[in-house]
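Peer 1: The following file, final-v3.pdb, comprises PDB, C-alpha atoms:
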ATOM      1  CA  MET T  26       0.000   0.000   0.000
ATOM      2  CA  LEU T  27       1.328   3.425  -0.928
ATOM      3  CA  LEU T  28       0.887   6.098   1.709
ATOM      4  CA  ASP T  29      -0.562   9.450   0.675
ATOM      5  CA  VAL T  30       0.721  11.946   3.231
ATOM      6  CA  LEU T  31      -0.333  15.461   4.213
ATOM      7  CA  ILE T  32       2.467  17.516   5.794
ATOM      8  CA  VAL T  33       1.250  20.514   7.809
ATOM      9  CA  ASP T  34       3.877  23.030   8.903
ATOM     10  CA  ASP T  35       4.186  26.805   8.577
ATOM     11  CA  SER T  36       7.813  26.425   7.480
ATOM     12  CA  ALA T  37       8.317  25.510   3.823
ATOM     13  CA  ALA T  38      11.835  24.387   4.737
ATOM     14  CA  ILE T  39      10.506  21.878   7.272
ATOM     15  CA  ARG T  40       7.901  20.574   4.804
ATOM     16  CA  LYS T  41      10.716  19.873   2.320
ATOM     17  CA  ILE T  42      12.882  18.275   5.007
ATOM     18  CA  VAL T  43      10.036  16.034   6.194
ATOM     19  CA  GLN T  44       9.530  14.882   2.588
ATOM     20  CA  ARG T  45      13.242  14.139   2.267
ATOM     21  CA  VAL T  46      13.326  12.266   5.568
ATOM     22  CA  LEU T  47      10.257  10.202   4.613
ATOM     23  CA  ARG T  48      12.034   9.183   1.408
ATOM     24  CA  GLN T  49      15.270   8.413   3.281
ATOM     25  CA  ALA T  50      13.263   6.195   5.598
ATOM     26  CA  GLU T  51      12.274   4.174   2.501
ATOM     27  CA  LEU T  52       8.593   4.353   3.275
ATOM     28  CA  PRO T  53       6.171   3.324   0.528
ATOM     29  CA  LEU T  54       5.132   6.847  -0.368
ATOM     30  CA  GLY T  55       2.364   7.832  -2.748
ATOM     31  CA  GLN T  56       1.291  11.453  -3.118
ATOM     32  CA  ILE T  57       2.618  14.076  -0.726
ATOM     33  CA  TYR T  58       0.481  17.135  -0.060
ATOM     34  CA  GLU T  59       1.502  20.236   1.870
ATOM     35  CA  ALA T  60      -0.352  22.791   3.996
ATOM     36  CA  GLY T  61       1.016  25.859   5.794
ATOM     37  CA  ASP T  62      -1.421  25.784   8.740
ATOM     38  CA  GLY T  63      -4.481  24.010  10.085
ATOM     39  CA  LEU T  64      -6.936  25.907   7.892
ATOM     40  CA  GLU T  65      -5.028  24.986   4.727
ATOM     41  CA  ALA T  66      -4.886  21.400   5.932
ATOM     42  CA  LEU T  67      -8.678  21.232   6.326
ATOM     43  CA  LYS T  68      -9.079  22.590   2.784
ATOM     44  CA  ALA T  69      -6.644  19.979   1.470
ATOM     45  CA  LEU T  70      -8.545  17.196   3.253
ATOM     46  CA  GLU T  71     -11.778  18.264   1.564
ATOM     47  CA  SER T  72     -10.284  17.644  -1.871
ATOM     48  CA  GLN T  73      -7.619  14.941  -1.302
ATOM     49  CA  LYS T  74      -7.735  11.522   0.295
ATOM     50  CA  VAL T  75      -4.724  10.907   2.538
ATOM     51  CA  ASP T  76      -3.545   8.011   4.706
ATOM     52  CA  LEU T  77      -1.416   9.947   7.176
ATOM     53  CA  ILE T  78      -1.149  13.484   8.518
ATOM     54  CA  LEU T  79       2.108  14.881   9.917
ATOM     55  CA  ALA T  80       1.344  18.149  11.714
ATOM     56  CA  ASP T  81       3.296  20.776  13.598
ATOM     57  CA  ILE T  82       1.712  22.200  16.767
ATOM     58  CA  ASN T  83       2.784  25.863  16.790
ATOM     59  CA  MET T  84       1.344  27.427  13.632
ATOM     60  CA  PRO T  85      -0.502  30.657  12.836
ATOM     61  CA  ASN T  86      -4.246  30.824  11.999
ATOM     62  CA  MET T  87      -5.058  27.314  13.239
ATOM     63  CA  ASP T  88      -2.513  25.380  15.302
ATOM     64  CA  GLY T  89      -1.899  21.651  15.279
ATOM     65  CA  LEU T  90      -4.030  20.884  18.326
ATOM     66  CA  GLN T  91      -6.996  22.781  16.903
ATOM     67  CA  LEU T  92      -6.522  20.916  13.619
ATOM     68  CA  LEU T  93      -6.394  17.600  15.473
ATOM     69  CA  GLU T  94      -9.625  18.448  17.284
ATOM     70  CA  ARG T  95     -11.360  19.253  13.982
ATOM     71  CA  ILE T  96     -10.120  16.045  12.344
ATOM     72  CA  LYS T  97     -11.170  13.835  15.241
ATOM     73  CA  SER T  98     -14.641  15.355  15.361
ATOM     74  CA  HIS T  99     -15.221  14.856  11.620
ATOM     75  CA  ASP T 100     -17.025  11.645  10.605
ATOM     76  CA  GLN T 101     -14.940  11.065   7.465
ATOM     77  CA  TRP T 102     -11.558  11.967   8.901
ATOM     78  CA  LYS T 103     -11.645  10.787  12.512
ATOM     79  CA  GLN T 104      -9.905   7.470  11.694
ATOM     80  CA  LEU T 105      -6.951   9.220   9.986
ATOM     81  CA  PRO T 106      -3.691   8.744  11.890
ATOM     82  CA  VAL T 107      -2.176  12.075  12.929
ATOM     83  CA  VAL T 108       1.451  12.335  14.054
ATOM     84  CA  MET T 109       2.624  15.559  15.692
ATOM     85  CA  VAL T 110       6.028  16.709  14.357
ATOM     86  CA  THR T 111       7.006  19.587  16.564
ATOM     87  CA  THR T 112       9.517  21.439  18.685
ATOM     88  CA  GLU T 113       6.828  21.773  21.335
ATOM     89  CA  GLY T 114       7.748  19.483  24.202
ATOM     90  CA  SER T 115       5.459  20.809  26.925
ATOM     91  CA  GLU T 116       4.134  17.813  28.792
ATOM     92  CA  SER T 117       0.689  19.416  28.821
ATOM     93  CA  LYS T 118       0.613  19.821  25.027
ATOM     94  CA  VAL T 119       2.066  16.384  24.283
ATOM     95  CA  MET T 120      -0.470  14.800  26.655
ATOM     96  CA  ALA T 121      -3.268  16.893  25.166
ATOM     97  CA  ALA T 122      -2.356  15.716  21.658
ATOM     98  CA  ALA T 123      -2.300  12.080  22.798
ATOM     99  CA  LYS T 124      -5.656  12.421  24.576
ATOM    100  CA  MET T 125      -7.148  14.065  21.497
ATOM    101  CA  GLY T 126      -6.153  11.097  19.346
ATOM    102  CA  ALA T 127      -2.665  11.773  17.945
ATOM    103  CA  VAL T 128      -1.007   8.401  17.327
ATOM    104  CA  GLY T 129       2.595   9.577  17.458
ATOM    105  CA  TYR T 130       4.977  12.378  18.303
ATOM    106  CA  VAL T 131       8.272  13.245  16.582
ATOM    107  CA  ARG T 132      10.310  15.973  18.240
ATOM    108  CA  LYS T 133      12.250  18.462  16.110
ATOM    109  CA  PRO T 134      15.131  18.109  15.422
ATOM    110  CA  PHE T 135      14.592  14.611  14.076
ATOM    111  CA  SER T 136      16.326  11.892  12.097
ATOM    112  CA  ALA T 137      15.025   9.613   9.365
ATOM    113  CA  GLU T 138      15.331   6.721  11.819
ATOM    114  CA  GLN T 139      13.065   8.425  14.352
ATOM    115  CA  PHE T 140      10.435   8.911  11.667
ATOM    116  CA  ARG T 141      10.788   5.338  10.538
ATOM    117  CA  GLN T 142      10.376   4.003  14.099
ATOM    118  CA  THR T 143       7.322   6.158  14.760
ATOM    119  CA  LEU T 144       5.628   5.199  11.516
ATOM    120  CA  ASP T 145       6.549   1.523  11.931
ATOM    121  CA  GLY T 146       4.392   1.576  15.030
ATOM    122  CA  ILE T 147       1.447   2.869  13.024
ATOM    123  CA  PHE T 148       1.722   1.026   9.709
ATOM    124  CA  ALA T 149       3.086  -2.376   8.813
ATOM    125  CA  VAL T 150       5.685  -0.942   6.451
TER     126      VAL T 150
ATOM    127  CA  MET Q  25      11.007  31.287  44.856
ATOM    128  CA  LYS Q  26      12.493  29.894  41.652
ATOM    129  CA  THR Q  27      15.325  31.790  39.984
ATOM    130  CA  LEU Q  28      16.803  31.515  36.527
ATOM    131  CA  ASP Q  29      19.938  29.378  36.584
ATOM    132  CA  HIS Q  30      22.177  30.949  33.917
ATOM    133  CA  ALA Q  31      24.509  27.934  33.782
ATOM    134  CA  LYS Q  32      21.501  25.709  33.099
ATOM    135  CA  VAL Q  33      20.366  28.033  30.309
ATOM    136  CA  THR Q  34      23.828  27.892  28.725
ATOM    137  CA  ASP Q  35      23.900  24.084  28.988
ATOM    138  CA  ALA Q  36      20.445  23.851  27.406
ATOM    139  CA  VAL Q  37      21.409  26.268  24.597
ATOM    140  CA  ARG Q  38      24.561  24.278  23.816
ATOM    141  CA  VAL Q  39      22.762  20.918  23.806
ATOM    142  CA  ALA Q  40      19.918  22.240  21.626
ATOM    143  CA  THR Q  41      22.223  24.049  19.178
ATOM    144  CA  ARG Q  42      24.536  21.061  18.726
ATOM    145  CA  GLU Q  43      21.555  18.745  18.256
ATOM    146  CA  VAL Q  44      19.838  20.952  15.668
ATOM    147  CA  PHE Q  45      23.020  21.507  13.673
ATOM    148  CA  SER Q  46      24.206  17.898  13.717
ATOM    149  CA  MET Q  47      20.824  16.201  13.147
ATOM    150  CA  MET Q  48      19.290  18.606  10.669
ATOM    151  CA  MET Q  49      22.303  20.075   8.874
ATOM    152  CA  GLY Q  50      25.221  17.714   9.407
ATOM    153  CA  LEU Q  51      27.277  20.609  10.786
ATOM    154  CA  GLU Q  52      29.460  20.850  13.876
ATOM    155  CA  VAL Q  53      29.294  23.877  16.151
ATOM    156  CA  GLU Q  54      31.961  24.859  18.630
ATOM    157  CA  ALA Q  55      30.765  26.710  21.732
ATOM    158  CA  GLU Q  56      32.616  29.793  22.959
ATOM    159  CA  PRO Q  57      32.271  31.210  26.494
ATOM    160  CA  ALA Q  58      28.832  32.604  27.291
ATOM    161  CA  TYR Q  59      28.360  36.178  28.446
ATOM    162  CA  GLU Q  60      25.596  38.598  29.417
ATOM    163  CA  GLU Q  61      24.456  41.484  27.246
ATOM    164  CA  ALA Q  62      22.180  44.428  27.944
ATOM    165  CA  ASN Q  63      18.810  44.494  26.240
ATOM    166  CA  SER Q  64      20.116  46.203  23.083
ATOM    167  CA  THR Q  65      22.148  44.372  20.448
ATOM    168  CA  GLY Q  66      24.123  47.359  19.201
ATOM    169  CA  ASN Q  67      24.633  47.546  15.457
ATOM    170  CA  VAL Q  68      23.940  44.313  13.601
ATOM    171  CA  ASP Q  69      24.612  43.219  10.013
ATOM    172  CA  GLY Q  70      22.883  40.037   8.951
ATOM    173  CA  VAL Q  71      19.958  37.836   9.873
ATOM    174  CA  VAL Q  72      18.235  37.935  13.252
ATOM    175  CA  ALA Q  73      15.442  35.481  14.131
ATOM    176  CA  LEU Q  74      13.399  36.352  17.226
ATOM    177  CA  ILE Q  75      10.856  34.271  19.140
ATOM    178  CA  GLY Q  76       8.800  35.370  22.130
ATOM    179  CA  LEU Q  77       8.239  33.219  25.204
ATOM    180  CA  ALA Q  78       5.158  33.703  27.356
ATOM    181  CA  GLY Q  79       3.802  32.226  30.539
ATOM    182  CA  GLN Q  80       4.430  32.945  34.192
ATOM    183  CA  TRP Q  81       8.009  33.585  33.069
ATOM    184  CA  THR Q  82       8.285  35.771  29.972
ATOM    185  CA  GLY Q  83      11.118  36.526  27.586
ATOM    186  CA  GLY Q  84      12.472  35.462  24.260
ATOM    187  CA  GLY Q  85      15.174  33.908  22.186
ATOM    188  CA  VAL Q  86      17.310  35.213  19.338
ATOM    189  CA  VAL Q  87      19.453  33.424  16.778
ATOM    190  CA  GLN Q  88      21.757  35.762  14.885
ATOM    191  CA  CYS Q  89      24.418  35.377  12.180
ATOM    192  CA  ASP Q  90      25.756  37.181   9.120
ATOM    193  CA  ALA Q  91      24.219  36.750   5.666
ATOM    194  CA  PRO Q  92      26.826  34.368   4.170
ATOM    195  CA  LEU Q  93      26.455  32.016   7.152
ATOM    196  CA  ALA Q  94      22.642  32.173   6.934
ATOM    197  CA  ARG Q  95      22.907  31.110   3.283
ATOM    198  CA  LYS Q  96      25.214  28.216   4.248
ATOM    199  CA  PHE Q  97      22.739  27.093   6.921
ATOM    200  CA  TYR Q  98      19.895  27.156   4.392
ATOM    201  CA  ALA Q  99      21.941  25.116   1.907
ATOM    202  CA  SER Q 100      22.858  22.549   4.575
ATOM    203  CA  LEU Q 101      19.324  22.309   5.940
ATOM    204  CA  LEU Q 102      17.753  21.785   2.525
ATOM    205  CA  MET Q 103      20.724  19.866   1.078
ATOM    206  CA  THR Q 104      20.843  22.304  -1.784
ATOM    207  CA  GLU Q 105      23.235  24.850  -3.257
ATOM    208  CA  CYS Q 106      23.042  28.582  -2.720
ATOM    209  CA  ASP Q 107      23.613  30.663  -5.823
ATOM    210  CA  PRO Q 108      27.116  32.114  -5.193
ATOM    211  CA  ALA Q 109      26.319  35.043  -7.479
ATOM    212  CA  ASN Q 110      23.367  36.026  -5.310
ATOM    213  CA  GLU Q 111      24.570  37.701  -2.133
ATOM    214  CA  GLY Q 112      21.087  38.669  -1.007
ATOM    215  CA  ILE Q 113      18.818  36.829   1.388
ATOM    216  CA  SER Q 114      15.821  35.073  -0.154
ATOM    217  CA  GLU Q 115      12.483  34.203   1.449
ATOM    218  CA  GLU Q 116      13.694  30.600   1.658
ATOM    219  CA  VAL Q 117      16.811  31.586   3.611
ATOM    220  CA  LEU Q 118      14.685  33.642   6.026
ATOM    221  CA  ASP Q 119      12.262  30.727   6.442
ATOM    222  CA  ALA Q 120      15.143  28.362   7.207
ATOM    223  CA  GLY Q 121      16.532  30.870   9.724
ATOM    224  CA  ALA Q 122      13.145  31.048  11.436
ATOM    225  CA  GLU Q 123      12.924  27.273  11.697
ATOM    226  CA  ILE Q 124      16.462  26.912  13.043
ATOM    227  CA  ALA Q 125      15.621  29.488  15.723
ATOM    228  CA  ASN Q 126      12.317  27.739  16.433
ATOM    229  CA  MET Q 127      14.039  24.409  17.012
ATOM    230  CA  ILE Q 128      16.879  25.796  19.151
ATOM    231  CA  ILE Q 129      14.826  28.166  21.304
ATOM    232  CA  GLY Q 130      11.938  25.690  21.499
ATOM    233  CA  ASN Q 131      14.196  22.993  22.889
ATOM    234  CA  VAL Q 132      15.795  25.400  25.376
ATOM    235  CA  LYS Q 133      12.285  26.350  26.471
ATOM    236  CA  ASN Q 134      11.401  22.658  26.882
ATOM    237  CA  ALA Q 135      14.470  22.173  29.093
ATOM    238  CA  MET Q 136      13.741  25.253  31.229
ATOM    239  CA  GLU Q 137      10.087  24.280  31.713
ATOM    240  CA  ARG Q 138      11.181  21.401  33.948
ATOM    241  CA  ASP Q 139      12.306  23.971  36.541
ATOM    242  CA  LEU Q 140      10.106  26.959  35.786
ATOM    243  CA  GLY Q 141       6.728  25.527  34.767
ATOM    244  CA  PRO Q 142       4.871  25.848  31.434
ATOM    245  CA  ILE Q 143       6.187  28.436  28.960
ATOM    246  CA  GLY Q 144       4.493  29.146  25.629
ATOM    247  CA  LEU Q 145       6.545  29.437  22.441
ATOM    248  CA  GLY Q 146       5.646  32.154  19.934
ATOM    249  CA  ILE Q 147       5.892  32.176  16.148
ATOM    250  CA  PRO Q 148       9.352  33.324  14.939
ATOM    251  CA  SER Q 149      10.009  36.615  13.131
ATOM    252  CA  VAL Q 150      13.123  37.085  11.013
ATOM    253  CA  VAL Q 151      14.845  40.343  10.118
ATOM    254  CA  TYR Q 152      17.609  40.823   7.568
ATOM    255  CA  GLY Q 153      19.458  44.089   7.134
ATOM    256  CA  ARG Q 154      22.590  46.111   7.583
ATOM    257  CA  ASN Q 155      23.521  48.357  10.464
ATOM    258  CA  PHE Q 156      20.324  47.915  12.453
ATOM    259  CA  THR Q 157      19.679  47.595  16.181
ATOM    260  CA  THR Q 158      17.231  45.441  18.097
ATOM    261  CA  ARG Q 159      16.045  46.217  21.589
ATOM    262  CA  SER Q 160      13.856  44.353  24.037
ATOM    263  CA  ALA Q 161      12.313  45.337  27.333
ATOM    264  CA  GLY Q 162      13.219  43.174  30.286
ATOM    265  CA  SER Q 163      16.251  41.499  31.716
ATOM    266  CA  ASN Q 164      19.695  40.985  30.192
ATOM    267  CA  TRP Q 165      20.325  38.394  27.491
ATOM    268  CA  ILE Q 166      22.413  35.296  28.136
ATOM    269  CA  VAL Q 167      24.495  35.145  24.958
ATOM    270  CA  ASN Q 168      26.037  31.911  23.717
ATOM    271  CA  PRO Q 169      28.403  32.327  20.749
ATOM    272  CA  PHE Q 170      29.257  29.397  18.471
ATOM    273  CA  VAL Q 171      31.759  29.014  15.673
ATOM    274  CA  CYS Q 172      30.385  27.098  12.710
ATOM    275  CA  ASP Q 173      31.772  26.587   9.227
ATOM    276  CA  GLY Q 174      34.124  29.537   9.600
ATOM    277  CA  GLY Q 175      31.413  31.947  10.777
ATOM    278  CA  ARG Q 176      29.964  33.085  14.086
ATOM    279  CA  LEU Q 177      26.489  32.314  15.333
ATOM    280  CA  LEU Q 178      24.931  33.913  18.427
ATOM    281  CA  VAL Q 179      22.124  32.291  20.403
ATOM    282  CA  LYS Q 180      20.558  34.649  22.964
ATOM    283  CA  PHE Q 181      18.001  33.800  25.607
ATOM    284  CA  CYS Q 182      16.266  35.780  28.309
ATOM    285  CA  LEU Q 183      13.512  35.047  30.780
ATOM    286  CA  THR Q 184      12.029  37.483  33.266
ATOM    287  CA  PRO Q 185      10.664  36.041  36.513
ATOM    288  CA  PRO Q 186       7.045  36.434  37.599
ATOM    289  CA  MET Q 187       6.041  39.711  39.287
ATOM    290  CA  ASN Q 188       6.738  38.764  42.900
ATOM    291  CA  ALA Q 189       9.629  36.329  42.352
ATOM    292  CA  ALA Q 190      13.231  37.045  43.378
ATOM    293  CA  GLY Q 191      14.725  39.360  40.764
ATOM    294  CA  GLY Q 192      11.252  40.119  39.396
ATOM    295  CA  PRO Q 193       9.609  43.523  38.974
ATOM    296  CA  ALA Q 194       8.404  43.617  42.599
ATOM    297  CA  GLU Q 195      11.916  43.233  44.002
ATOM    298  CA  LEU Q 196      13.339  45.719  41.509
ATOM    299  CA  LEU Q 197      10.714  48.309  42.490
ATOM    300  CA  GLY Q 198      10.960  47.502  46.219
ATOM    301  CA  ARG Q 199       7.330  46.499  46.712
ATOM    302  CA  GLU Q 200       5.096  43.488  46.349
ATOM    303  CA  PHE Q 201       2.342  43.431  43.768
ATOM    304  CA  PRO Q 202      -1.108  42.279  44.878
ATOM    305  CA  ARG Q 203      -1.915  38.800  43.574
ATOM    306  CA  LYS Q 204      -5.353  40.059  42.591
ATOM    307  CA  HIS Q 205      -6.555  43.538  41.776
ATOM    308  CA  PRO Q 206      -7.918  45.086  45.017
ATOM    309  CA  ALA Q 207     -11.250  45.698  43.328
ATOM    310  CA  ILE Q 208     -11.780  41.973  42.804
ATOM    311  CA  ALA Q 209      -9.889  40.643  45.832
TER     312      ALA Q 209
END
I'd like the structure from this file rewritten - as structure tokens, please.

Peer 2:
Amino acid sequence: MLLDVLIVDDSAAIRKIVQRVLRQAELPLGQIYEAGDGLEALKALESQKVDLILADINMPNMDGLQLLERIKSHDQWKQLPVVMVTTEGSESKVMAAAKMGAVGYVRKPFSAEQFRQTLDGIFAV
Amino acid sequence: MKTLDHAKVTDAVRVATREVFSMMMGLEVEAEPAYEEANSTGNVDGVVALIGLAGQWTGGGVVQCDAPLARKFYASLLMTECDPANEGISEEVLDAGAEIANMIIGNVKNAMERDLGPIGLGIPSVVYGRNFTTRSAGSNWIVNPFVCDGGRLLVKFCLTPPMNAAGGPAELLGREFPRKHPAIA
């Protein structure tokens, strides 16, 4: 199965790096979509079917936790796995993301191996 | 009352900076002795990324370097080449600078939260220019210089204690602030 991935981060540099790291991790990638914040991500989800969402927490307009809340309360999207990829290490925010349904957490800075290990726990890749 | 441990800040800055540069850019950084600086940077040439910190403790972080080094960091981060003919700073270089600052200052914040309680991390702003000055209200900056790829990088961090804490505004002004406004106490 090829994974269609939505990368949500306000930094274009990080979106490119996440793509590169996903490829280095030799994951079976399909389409990769990008969004600069939570609002753009919701728009992308309305028009594209994805298998995995990688989202930052600290973003303008709509942050990663607000996005997660919207995804998990949406009938069509609530089963989508969401992994938080973020500098934010506050215990309260990490716990909040887990309680809200995030299936993984990758702290920035990250390595391809960390991504691989996190996604291995979610998909049989 | 909790106080800001400057040695702990310097340790956290060094760990975070080394980690970001080695994991994300494949670059080594060499730490130089830390020092304190007043709340004005003096004249600056180059790229300055600033991020605010908010919570009970408030302050900010700065990552600063000259333009050629900022271009090298961008090229290393994205595994790309910078156009040697273009000496300017593109949107992409500024974006990379913002993210480097976000990762370094964010991880320092994470380390300091263990002692000081929750601190919120703002969205970074990046400035590029020549002969400009930045100034911030509040306490002095703890400045950590690093040598990297033949250039010099500065990572600055400051946190101001809560109103009634040691070294906070109450002590500086010689009086305690009410915990609630008298009208609603």

Peer 1: Starting from the PyMOL selection byres ((chain T and resi 32-39) around 10), expand the selection into actual residues of this file and give them as a VMD selection string.

Peer 2: (chain T and resid 30 to 31 40 to 45 57 to 66 77 to 86 88 to 89 92 108 to 111 133) or (chain Q and resid 48 98 101 to 102 115 to 124 147)

Peer 1: Between atom CA of Pro186 of chain Q and atom CA of Arg38 of chain Q, what is the distance, to one decimal in Å?

Peer 2: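 If I compute the distance from atom CA of Pro186 of chain Q to atom CA of Arg38 of chain Q, I get 25.4 Å.
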
Peer 1: Step by step, work through what the PyMOL selection byres ((chain Q and resi 62) around 12) selects in the shown file, and finish by giving those residues as a compact mmCIF listing (two decimals) with C-alpha atoms, in the coordinates of the input.

Peer 2:
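expr_8.txt was written with the following content:
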# COMPACT_ATOMS: atom_id res chain seq x y z
CA TYR Q 59 28.36 36.18 28.45
CA GLU Q 60 25.60 38.60 29.42
CA GLU Q 61 24.46 41.48 27.25
CA ASN Q 63 18.81 44.49 26.24
CA SER Q 64 20.12 46.20 23.08
CA THR Q 65 22.15 44.37 20.45
CA GLY Q 66 24.12 47.36 19.20
CA THR Q 158 17.23 45.44 18.10
CA ARG Q 159 16.05 46.22 21.59
CA SER Q 160 13.86 44.35 24.04
CA ALA Q 161 12.31 45.34 27.33
CA GLY Q 162 13.22 43.17 30.29
CA SER Q 163 16.25 41.50 31.72
CA ASN Q 164 19.70 40.98 30.19
CA TRP Q 165 20.32 38.39 27.49
CA ILE Q 166 22.41 35.30 28.14
CA VAL Q 167 24.50 35.15 24.96
CA LYS Q 180 20.56 34.65 22.96
CA PHE Q 181 18.00 33.80 25.61
CA CYS Q 182 16.27 35.78 28.31

Peer 1: Could you state which residues are captured by the PyMOL selection byres ((chain Q and resi 177) around 6) in this file, as a ChimeraX atom specification?

Peer 2: /Q:88-89,169-170,176,178

Peer 1: Quick one: of T:Lys124, T:Arg48, T:Lys118, T:Lys74, who's nearest to chain Q, counting only C-alpha atoms?

Peer 2: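 Of all the options, T:Lys118 lies closest to chain Q.
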